[in-house]
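Engineer: Got run.txt for you, compact mmCIF, C-alpha atoms and all ligand atoms:
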```txt
# COMPACT_ATOMS: atom_id res chain seq x y z
CA MET D 114 -18.60 17.36 -13.67
CA LYS D 115 -19.79 13.82 -14.35
CA LYS D 116 -20.21 11.62 -11.30
CA TYR D 117 -17.96 8.60 -11.69
CA ILE D 118 -17.84 5.36 -9.75
CA ASP D 119 -14.11 5.38 -9.19
CA LEU D 120 -12.69 1.91 -8.63
CA ARG D 121 -9.18 2.68 -9.94
CA SER D 122 -7.64 2.75 -6.47
CA ASP D 123 -8.30 3.51 -2.83
CA THR D 124 -5.88 6.42 -3.29
CA VAL D 125 -8.76 8.34 -4.93
CA THR D 126 -10.64 8.59 -1.64
CA LEU D 127 -11.59 12.11 -0.63
CA PRO D 128 -11.40 13.18 3.01
CA THR D 129 -14.53 12.63 5.10
CA PRO D 130 -16.52 15.57 6.54
CA ALA D 131 -15.04 14.78 9.97
CA MET D 132 -11.54 15.09 8.48
CA ARG D 133 -12.30 18.41 6.83
CA ALA D 134 -13.60 19.74 10.15
CA ALA D 135 -10.53 18.48 12.02
CA MET D 136 -8.26 20.04 9.40
CA ALA D 137 -9.97 23.40 9.72
CA GLN D 138 -9.58 23.39 13.50
CA ALA D 139 -6.13 21.79 13.80
CA GLU D 140 -3.65 23.31 16.22
CA LEU D 141 -0.50 24.09 14.20
CA GLY D 142 3.19 24.92 14.55
CA ASP D 143 6.41 24.52 12.58
CA ASP D 144 7.02 20.79 12.34
CA VAL D 145 10.64 21.21 11.22
CA TYR D 146 11.17 22.71 14.69
CA GLY D 147 9.19 19.75 16.11
CA GLU D 148 6.52 22.24 17.20
CA ASP D 149 3.40 21.11 15.39
CA PRO D 150 1.26 19.52 18.12
CA THR D 151 -1.03 17.79 15.63
CA VAL D 152 1.86 16.16 13.75
CA ASN D 153 3.40 15.11 17.08
CA ARG D 154 0.09 13.59 18.15
CA LEU D 155 -0.29 11.70 14.87
CA GLU D 156 3.28 10.37 15.01
CA GLN D 157 2.74 9.16 18.56
CA MET D 158 -0.61 7.53 17.76
CA ALA D 159 0.89 5.88 14.67
CA ALA D 160 3.84 4.50 16.62
CA GLU D 161 1.45 3.07 19.21
CA ARG D 162 -0.72 1.45 16.55
CA MET D 163 2.40 -0.13 15.00
CA GLY D 164 3.87 -1.15 18.36
CA LYS D 165 7.04 0.88 17.67
CA GLU D 166 8.87 3.57 19.64
CA ALA D 167 8.48 6.47 17.24
CA GLY D 168 6.85 7.67 14.04
CA LEU D 169 7.66 10.11 11.23
CA PHE D 170 4.95 11.78 9.14
CA VAL D 171 5.94 11.70 5.47
CA ALA D 172 4.31 12.99 2.31
CA SER D 173 3.56 9.61 0.75
CA GLY D 174 4.05 5.87 0.91
CA THR D 175 6.80 6.21 -1.68
CA MET D 176 8.63 8.73 0.50
CA GLY D 177 8.20 6.52 3.58
CA ASN D 178 9.72 3.51 1.82
CA LEU D 179 12.53 5.59 0.32
CA VAL D 180 13.42 7.21 3.64
CA ALA D 181 13.35 3.77 5.30
CA VAL D 182 15.72 2.26 2.72
CA LEU D 183 18.09 5.25 2.90
CA THR D 184 18.08 5.02 6.70
CA HIS D 185 18.86 1.30 6.75
CA CYS D 186 21.31 1.21 3.82
CA GLY D 187 24.34 3.04 2.47
CA ARG D 188 25.56 3.36 -1.12
CA GLY D 189 26.53 0.00 -2.58
CA ASP D 190 24.35 -1.94 -0.16
CA GLU D 191 21.75 -4.35 -1.50
CA VAL D 192 18.06 -4.60 -0.70
CA ILE D 193 16.13 -7.80 -1.33
CA MET D 194 12.55 -7.27 -2.52
CA GLY D 195 9.83 -9.02 -4.52
CA LYS D 196 9.74 -8.67 -8.31
CA LEU D 197 6.09 -7.65 -7.93
CA GLY D 198 6.76 -5.33 -4.99
CA HIS D 199 5.60 -1.73 -5.13
CA THR D 200 9.10 -0.60 -4.14
CA PHE D 201 10.48 -2.30 -7.24
CA LEU D 202 7.72 -1.58 -9.75
CA PHE D 203 6.24 1.77 -8.88
CA GLU D 204 8.62 3.99 -6.92
CA ALA D 205 10.56 5.41 -9.86
CA GLY D 206 13.68 3.45 -8.93
CA GLY D 207 14.26 5.88 -6.05
CA VAL D 208 16.43 3.61 -3.93
CA ALA D 209 18.91 3.20 -6.79
CA ALA D 210 18.62 6.71 -8.19
CA LEU D 211 18.87 8.61 -4.91
CA GLY D 212 20.46 6.13 -2.54
CA GLY D 213 22.87 4.12 -4.69
CA VAL D 214 21.15 1.07 -3.20
CA HIS D 215 21.10 -2.03 -5.39
CA PRO D 216 17.75 -3.85 -5.65
CA HIS D 217 17.95 -7.65 -5.69
CA THR D 218 14.56 -8.90 -6.81
CA LEU D 219 13.10 -12.34 -6.09
CA PRO D 220 9.87 -13.98 -7.30
CA ASN D 221 6.73 -13.29 -5.31
CA GLN D 222 4.52 -16.29 -4.66
CA PRO D 223 0.80 -15.85 -5.49
CA ASP D 224 0.15 -15.06 -1.79
CA GLY D 225 2.62 -12.15 -1.85
CA SER D 226 5.32 -13.96 0.09
CA ILE D 227 8.92 -14.55 -1.01
CA LEU D 228 10.21 -18.08 -0.38
CA LEU D 229 12.56 -18.27 2.59
CA GLU D 230 14.95 -20.43 0.59
CA ASP D 231 15.02 -17.80 -2.17
CA ILE D 232 15.94 -15.13 0.37
CA ARG D 233 18.61 -17.34 1.92
CA ALA D 234 20.10 -18.10 -1.50
CA ALA D 235 20.13 -14.39 -2.40
CA VAL D 236 22.22 -13.31 0.59
CA ARG D 237 25.67 -12.30 -0.59
CA ALA D 238 28.86 -13.86 0.69
CA ASP D 239 31.45 -11.51 2.22
CA ASN D 240 33.44 -10.94 -0.94
CA PRO D 241 34.67 -7.70 -2.52
CA HIS D 242 32.91 -8.58 -5.79
CA PHE D 243 29.50 -8.28 -4.18
CA PRO D 244 27.28 -5.59 -2.75
CA VAL D 245 26.49 -5.98 0.95
CA SER D 246 23.08 -7.58 1.70
CA ARG D 247 21.56 -5.12 4.16
CA LEU D 248 17.77 -5.15 4.03
CA VAL D 249 14.71 -7.22 3.07
CA ILE D 250 11.40 -5.56 2.13
CA LEU D 251 8.02 -7.27 2.42
CA GLU D 252 4.68 -5.76 1.36
CA ASN D 253 1.48 -6.23 3.38
CA THR D 254 -1.14 -6.39 1.94
CA HIS D 255 0.55 -7.27 -1.32
CA ASN D 256 -0.88 -5.06 -4.04
CA ARG D 257 0.06 -6.93 -7.24
CA CYS D 258 -0.65 -10.27 -5.59
CA GLY D 259 -4.32 -9.39 -5.31
CA GLY D 260 -4.29 -7.55 -1.99
CA ALA D 261 -3.06 -10.65 -0.17
CA PRO D 262 -2.24 -10.28 3.54
CA LEU D 263 1.01 -11.74 4.92
CA THR D 264 0.70 -13.40 8.30
CA ALA D 265 2.66 -12.33 11.37
CA GLU D 266 4.17 -15.82 11.49
CA TYR D 267 5.58 -15.58 7.96
CA THR D 268 6.90 -12.08 8.67
CA ARG D 269 8.58 -13.42 11.82
CA GLN D 270 10.28 -16.16 9.81
CA VAL D 271 11.64 -13.62 7.32
CA ALA D 272 12.80 -11.31 10.13
CA SER D 273 14.58 -14.15 11.84
CA LEU D 274 16.28 -15.24 8.60
CA ALA D 275 17.30 -11.63 7.91
CA GLY D 276 18.66 -11.38 11.46
CA GLU D 277 20.83 -14.49 10.94
CA TYR D 278 22.73 -12.52 8.30
CA GLY D 279 22.73 -9.16 10.09
CA MET D 280 20.07 -7.79 7.72
CA LYS D 281 17.07 -5.66 8.71
CA LEU D 282 13.44 -6.05 7.65
CA HIS D 283 11.31 -3.17 6.35
CA LEU D 284 7.58 -3.65 5.88
CA ASP D 285 5.78 -1.69 3.18
CA GLY D 286 2.54 -1.73 5.10
CA ALA D 287 0.78 0.79 2.87
CA ARG D 288 -2.37 -1.25 3.54
CA ILE D 289 -1.35 -2.94 6.80
CA PHE D 290 -4.73 -2.12 8.35
CA ASN D 291 -6.46 -3.97 5.50
CA ALA D 292 -4.19 -6.92 6.30
CA ALA D 293 -4.98 -6.67 10.01
CA VAL D 294 -8.73 -6.56 9.38
CA ALA D 295 -8.53 -9.42 6.86
CA LEU D 296 -6.60 -11.63 9.29
CA GLY D 297 -8.41 -10.53 12.46
CA VAL D 298 -5.19 -9.47 14.22
CA SER D 299 -3.74 -6.10 15.21
CA ALA D 300 -1.50 -4.10 12.89
CA ALA D 301 1.07 -4.11 15.72
CA ASP D 302 1.16 -7.92 15.59
CA LEU D 303 1.86 -7.81 11.86
CA ALA D 304 4.51 -5.11 12.23
CA ALA D 305 6.19 -6.58 15.36
CA PRO D 306 8.86 -8.63 13.55
CA ALA D 307 9.87 -5.74 11.27
CA ASP D 308 12.54 -3.17 12.13
CA SER D 309 10.55 -0.49 10.34
CA VAL D 310 7.11 -0.14 8.81
CA THR D 311 5.42 2.43 6.56
CA PHE D 312 1.65 2.68 6.42
CA CYS D 313 -0.56 5.00 4.40
CA LEU D 314 -3.25 7.33 5.68
CA SER D 315 -4.32 8.34 2.18
CA LYS D 316 -5.60 5.02 0.85
CA GLY D 317 -8.49 3.10 2.43
CA LEU D 318 -8.28 5.35 5.50
CA CYS D 319 -9.35 8.35 3.35
CA ALA D 320 -6.96 11.04 4.55
CA PRO D 321 -5.98 13.39 1.71
CA VAL D 322 -2.19 13.12 2.11
CA GLY D 323 0.42 11.24 4.05
CA SER D 324 1.99 8.12 5.45
CA VAL D 325 3.84 7.36 8.65
CA LEU D 326 7.18 5.57 8.94
CA CYS D 327 7.57 3.86 12.32
CA GLY D 328 10.52 2.21 14.05
CA GLU D 329 12.79 2.52 17.04
CA GLY D 330 13.71 5.98 18.32
CA GLY D 331 17.28 6.19 16.94
CA PHE D 332 16.13 4.93 13.55
CA ILE D 333 13.42 7.58 13.33
CA ALA D 334 15.84 10.35 14.39
CA LYS D 335 18.10 9.39 11.47
CA ALA D 336 15.08 9.08 9.15
CA ARG D 337 13.98 12.60 10.14
CA ARG D 338 17.25 14.02 8.82
CA LEU D 339 16.88 12.06 5.57
CA ARG D 340 13.30 13.25 5.15
CA LYS D 341 14.62 16.82 5.40
CA MET D 342 17.34 16.05 2.85
CA LEU D 343 14.69 14.80 0.43
CA GLY D 344 12.72 18.02 0.82
CA GLY D 345 10.06 16.39 2.97
CA GLY D 346 10.36 18.67 6.02
CA MET D 347 6.86 20.16 6.03
CA ARG D 348 6.03 23.19 8.15
CA GLN D 349 2.43 23.56 9.40
CA ALA D 350 1.79 19.96 8.37
CA GLY D 351 -0.71 19.54 11.21
CA VAL D 352 -3.37 20.66 8.79
CA LEU D 353 -2.75 17.33 7.01
CA ALA D 354 -1.93 15.31 10.11
CA ALA D 355 -5.31 16.27 11.60
CA ALA D 356 -7.00 14.18 8.92
CA GLY D 357 -4.58 11.37 9.71
CA VAL D 358 -5.64 11.41 13.36
CA VAL D 359 -9.28 11.02 12.30
CA ALA D 360 -8.21 8.25 9.91
CA LEU D 361 -6.67 6.26 12.76
CA GLU D 362 -9.52 6.94 15.16
CA GLU D 363 -12.48 6.35 12.87
CA MET D 364 -11.57 4.64 9.62
CA VAL D 365 -9.74 1.42 10.50
CA ASP D 366 -12.48 -0.93 11.64
CA ARG D 367 -14.78 -0.05 8.75
CA LEU D 368 -12.26 -1.49 6.23
CA ALA D 369 -14.13 -4.78 6.71
CA GLU D 370 -16.98 -3.22 4.71
CA ASP D 371 -14.65 -2.59 1.77
CA HIS D 372 -13.53 -6.21 1.93
CA ARG D 373 -17.13 -7.42 1.97
CA ARG D 374 -17.91 -5.27 -1.08
CA ALA D 375 -14.82 -6.55 -2.92
CA ARG D 376 -16.09 -10.12 -2.37
CA GLN D 377 -19.54 -9.10 -3.54
CA LEU D 378 -18.11 -7.45 -6.67
CA ALA D 379 -15.86 -10.43 -7.41
CA SER D 380 -18.55 -13.05 -7.01
CA LYS D 381 -20.84 -11.19 -9.44
CA LEU D 382 -18.15 -10.40 -12.02
CA ALA D 383 -17.07 -14.05 -11.97
CA GLN D 384 -20.47 -15.02 -13.39
CA ILE D 385 -19.94 -12.98 -16.56
CA PRO D 386 -18.84 -15.20 -19.49
CA GLY D 387 -15.25 -14.51 -20.54
CA VAL D 388 -14.29 -13.01 -17.18
CA SER D 389 -12.08 -14.81 -14.69
CA LEU D 390 -10.64 -13.53 -11.44
CA LYS D 391 -7.32 -13.80 -9.66
CA HIS D 392 -9.27 -14.42 -6.45
CA VAL D 393 -12.97 -15.27 -6.61
CA MET D 394 -12.86 -14.51 -2.87
CA PRO D 395 -10.59 -11.47 -2.71
CA PRO D 396 -8.71 -11.40 0.59
CA SER D 397 -9.00 -7.61 1.06
CA ASN D 398 -10.21 -4.66 -1.03
CA MET D 399 -8.81 -5.48 -4.48
CA VAL D 400 -10.43 -7.35 -7.34
CA PHE D 401 -8.21 -8.38 -10.26
CA VAL D 402 -10.23 -9.20 -13.38
CA ASN D 403 -8.78 -11.22 -16.29
CA LEU D 404 -10.35 -11.08 -19.73
CA ASP D 405 -10.29 -14.48 -21.44
CA GLU D 406 -9.32 -14.87 -25.10
CA GLN D 407 -13.00 -15.04 -26.14
CA ILE D 408 -13.40 -11.34 -25.24
CA PRO D 409 -12.42 -9.33 -28.33
CA MET D 410 -11.24 -6.31 -26.34
CA THR D 411 -8.13 -5.28 -24.49
CA ALA D 412 -8.32 -4.16 -20.88
CA ASP D 413 -7.65 -0.63 -22.10
CA GLN D 414 -10.56 -0.71 -24.54
CA LEU D 415 -12.89 -2.11 -21.90
CA ALA D 416 -11.78 0.53 -19.38
CA ASN D 417 -12.53 3.26 -21.94
CA ARG D 418 -15.95 1.84 -22.68
CA LEU D 419 -16.76 1.55 -18.95
CA LYS D 420 -15.70 5.15 -18.48
CA ASN D 421 -17.38 6.73 -21.48
CA ASP D 422 -20.62 4.77 -21.55
CA PHE D 423 -21.17 3.92 -17.88
CA GLN D 424 -19.13 6.43 -15.81
CA VAL D 425 -17.24 3.58 -14.16
CA LEU D 426 -13.47 4.00 -13.72
CA VAL D 427 -11.23 0.92 -13.38
CA GLY D 428 -7.45 0.43 -13.36
CA VAL D 429 -5.66 -1.21 -16.28
CA VAL D 430 -2.93 -3.62 -15.15
CA SER D 431 -1.96 -5.24 -18.44
CA GLN D 432 -3.35 -6.10 -21.89
CA LYS D 433 -5.94 -8.44 -20.42
CA GLN D 434 -6.11 -7.53 -16.75
CA LEU D 435 -7.96 -4.85 -14.79
CA ARG D 436 -7.89 -3.89 -11.12
CA LEU D 437 -10.90 -2.67 -9.16
CA VAL D 438 -10.43 -1.39 -5.62
CA THR D 439 -13.23 -0.85 -3.13
CA HIS D 440 -13.12 1.96 -0.59
CA TYR D 441 -15.16 4.30 1.61
CA TRP D 442 -16.83 6.07 -1.32
CA ILE D 443 -18.01 2.83 -2.96
CA ASP D 444 -21.33 1.72 -1.49
CA ASP D 445 -23.53 -1.29 -2.30
CA GLU D 446 -25.30 0.59 -5.07
CA ALA D 447 -21.99 1.50 -6.71
CA VAL D 448 -21.05 -2.19 -6.68
CA GLU D 449 -24.34 -3.09 -8.38
CA ARG D 450 -23.88 -0.36 -10.98
CA ALA D 451 -20.31 -1.45 -11.71
CA VAL D 452 -21.41 -5.05 -12.25
CA LEU D 453 -24.20 -3.91 -14.57
CA ALA D 454 -21.71 -1.77 -16.50
CA PHE D 455 -19.43 -4.78 -17.02
CA GLU D 456 -22.36 -6.95 -18.16
CA ARG D 457 -23.43 -4.36 -20.71
CA ALA D 458 -19.95 -3.34 -21.86
CA LEU D 459 -19.05 -6.96 -22.56
N1 LIG D 501 -0.06 2.26 -4.79
C1 LIG D 501 -0.85 2.88 -5.83
C2 LIG D 501 -0.10 2.93 -7.14
O1 LIG D 501 1.14 3.51 -6.98
C3 LIG D 501 0.09 1.60 -7.79
C4 LIG D 501 -2.16 2.11 -5.97
O2 LIG D 501 -3.05 2.66 -6.65
O3 LIG D 501 -2.29 1.00 -5.45
N2 LIG D 501 3.15 0.71 -1.29
C5 LIG D 501 2.09 0.11 -1.83
C6 LIG D 501 1.87 -1.33 -1.55
C7 LIG D 501 1.21 0.82 -2.65
O4 LIG D 501 0.18 0.19 -3.20
C8 LIG D 501 1.44 2.20 -2.88
C9 LIG D 501 0.54 3.00 -3.79
C10 LIG D 501 2.56 2.79 -2.27
C11 LIG D 501 3.40 2.01 -1.49
C12 LIG D 501 2.93 4.22 -2.50
O5 LIG D 501 2.08 5.11 -1.90
P1 LIG D 501 1.99 6.63 -2.41
O6 LIG D 501 1.09 6.62 -3.60
O7 LIG D 501 1.41 7.35 -1.23
O8 LIG D 501 3.36 7.09 -2.72
```
Rewrite the coordinates I just gave you, this time as structure tokens.

Structural biologist:
Amino acid sequence: MKKYIDLRSDTVTLPTPAMRAAMAQAELGDDVYGEDPTVNRLEQMAAERMGKEAGLFVASGTMGNLVAVLTHCGRGDEVIMGKLGHTFLFEAGGVAALGGVHPHTLPNQPDGSILLEDIRAAVRADNPHFPVSRLVILENTHNRCGGAPLTAEYTRQVASLAGEYGMKLHLDGARIFNAAVALGVSAADLAAPADSVTFCLSKGLCAPVGSVLCGEGGFIAKARRLRKMLGGGMRQAGVLAAAGVVALEEMVDRLAEDHRRARQLASKLAQIPGVSLKHVMPPSNMVFVNLDEQIPMTADQLANRLKNDFQVLVGVVSQKQLRLVTHYWIDDEAVERAVLAFERAL
């Protein structure tokens, strides 16, 4: 098999040798009976890291967000989310399809936030014509907004606005540790204002599978039933959770290296004629590359050329935009080789 430099996403990360060893040795039980000690340990560690009472190991970030929405909302309720949010764009419409929950989308600002006045204006009056406004979702870091981190202060303002109207706040913190490292604060600080938070073990943290949904004890008990309903009750899941434990113990602080490499990649790509970037100084581990009109190629064509001629894989966002994501398996040499591939391909 050819050896690719894979910058399509941090979801492509393979487990580290320490994770494989922990998986092989994990103590196991039936988690649907609550008897898998490794899952229980991971859920407890995750809850502590998020500053919440309890955690629930789920198969993916998508499942974590879906379970959270179904736990907070009933059929005919409305959830406010960003137009560029992962929950709106990339989760197969699960909240509507499976929960009968109505998405109300609002513009995302370039920094990933949603304007407070937009949220306030979107809240429904108590009137039988309208769905009931029940939940707000924020995303941190914000994927489509260039990996931008939302501050704890902004999140607090949204939580307090939501609270004024009896709504809850869910945080899609798939990359909350990237946000914490970027801002120099703890993930618990960022999650504190939210009623619930999902974070992913299988992105920059390198675990092969899984996310954890965290919140208060009663919320997680209800979420556990919904996870079962969705087919997400996993049995000897400790074999996966073991990698998650290593992810939390060993892989969080090093995310700063991925951010440094994203800046390095961006600053070099920005020097190539015809290339411009969403952020010349990317705030976390994502680099969004725009191809100017002078480049006679679509993003798709460029991605194919990078793959076939240079063994470099990148994500295609739109006709003229690519996304490159740094992660544990991208070292300084891979960054250099990717830049060289762009220079030659263009
Ligand atoms: N994001 C993936 C793709 O689905 C786009 C990626 O390559 O970035 N929330 C956020 C903010 C995400 O970026 C993702 C995955 C998820 C949730 C869903 O996680 P999974 O893939 O575990 O369901």

Engineer: So, with only C-alpha atoms and all ligand atoms as the atoms that count, which of D:Ser380, D:Asn240, D:Asn153, D:Ser315 lies closest to ligand LIG 501 (chain D)?

Structural biologist: D:Ser315

Engineer: Give as a count of residues only the residues surrounding ligand LIG 501 (chain D) up to a distance of 9 Å, considering only C-alpha atoms and all ligand atoms.

Structural biologist: 40

Engineer: Report, in Å to a single decimal, how far apart atom CA of D:Val192 and atom CA of D:Val214 are.

Structural biologist: 6.9 Å

Engineer: So that I can see what lies close to D:Leu343, please list as a ChimeraX atom specification the residues with an atom at most 12 Å from it, counting all atoms listed in the file and leaving out residues fewer than 5 positions away in the same chain.

Structural biologist: /D:171-172,175-177,179-180,183,207,211-212,336-338

Engineer: By how many Å are atom CA of D:Val393 and atom CA of D:Glu266 apart?

Structural biologist: 24.9 Å

Engineer: Please identify all polymer residues within 8 Å of D:Leu435, counting all atoms listed in the file, omitting same-chain residues fewer than 3 positions from it, and present them as a ChimeraX atom specification.

Structural biologist: /D:401-403,412,427-431
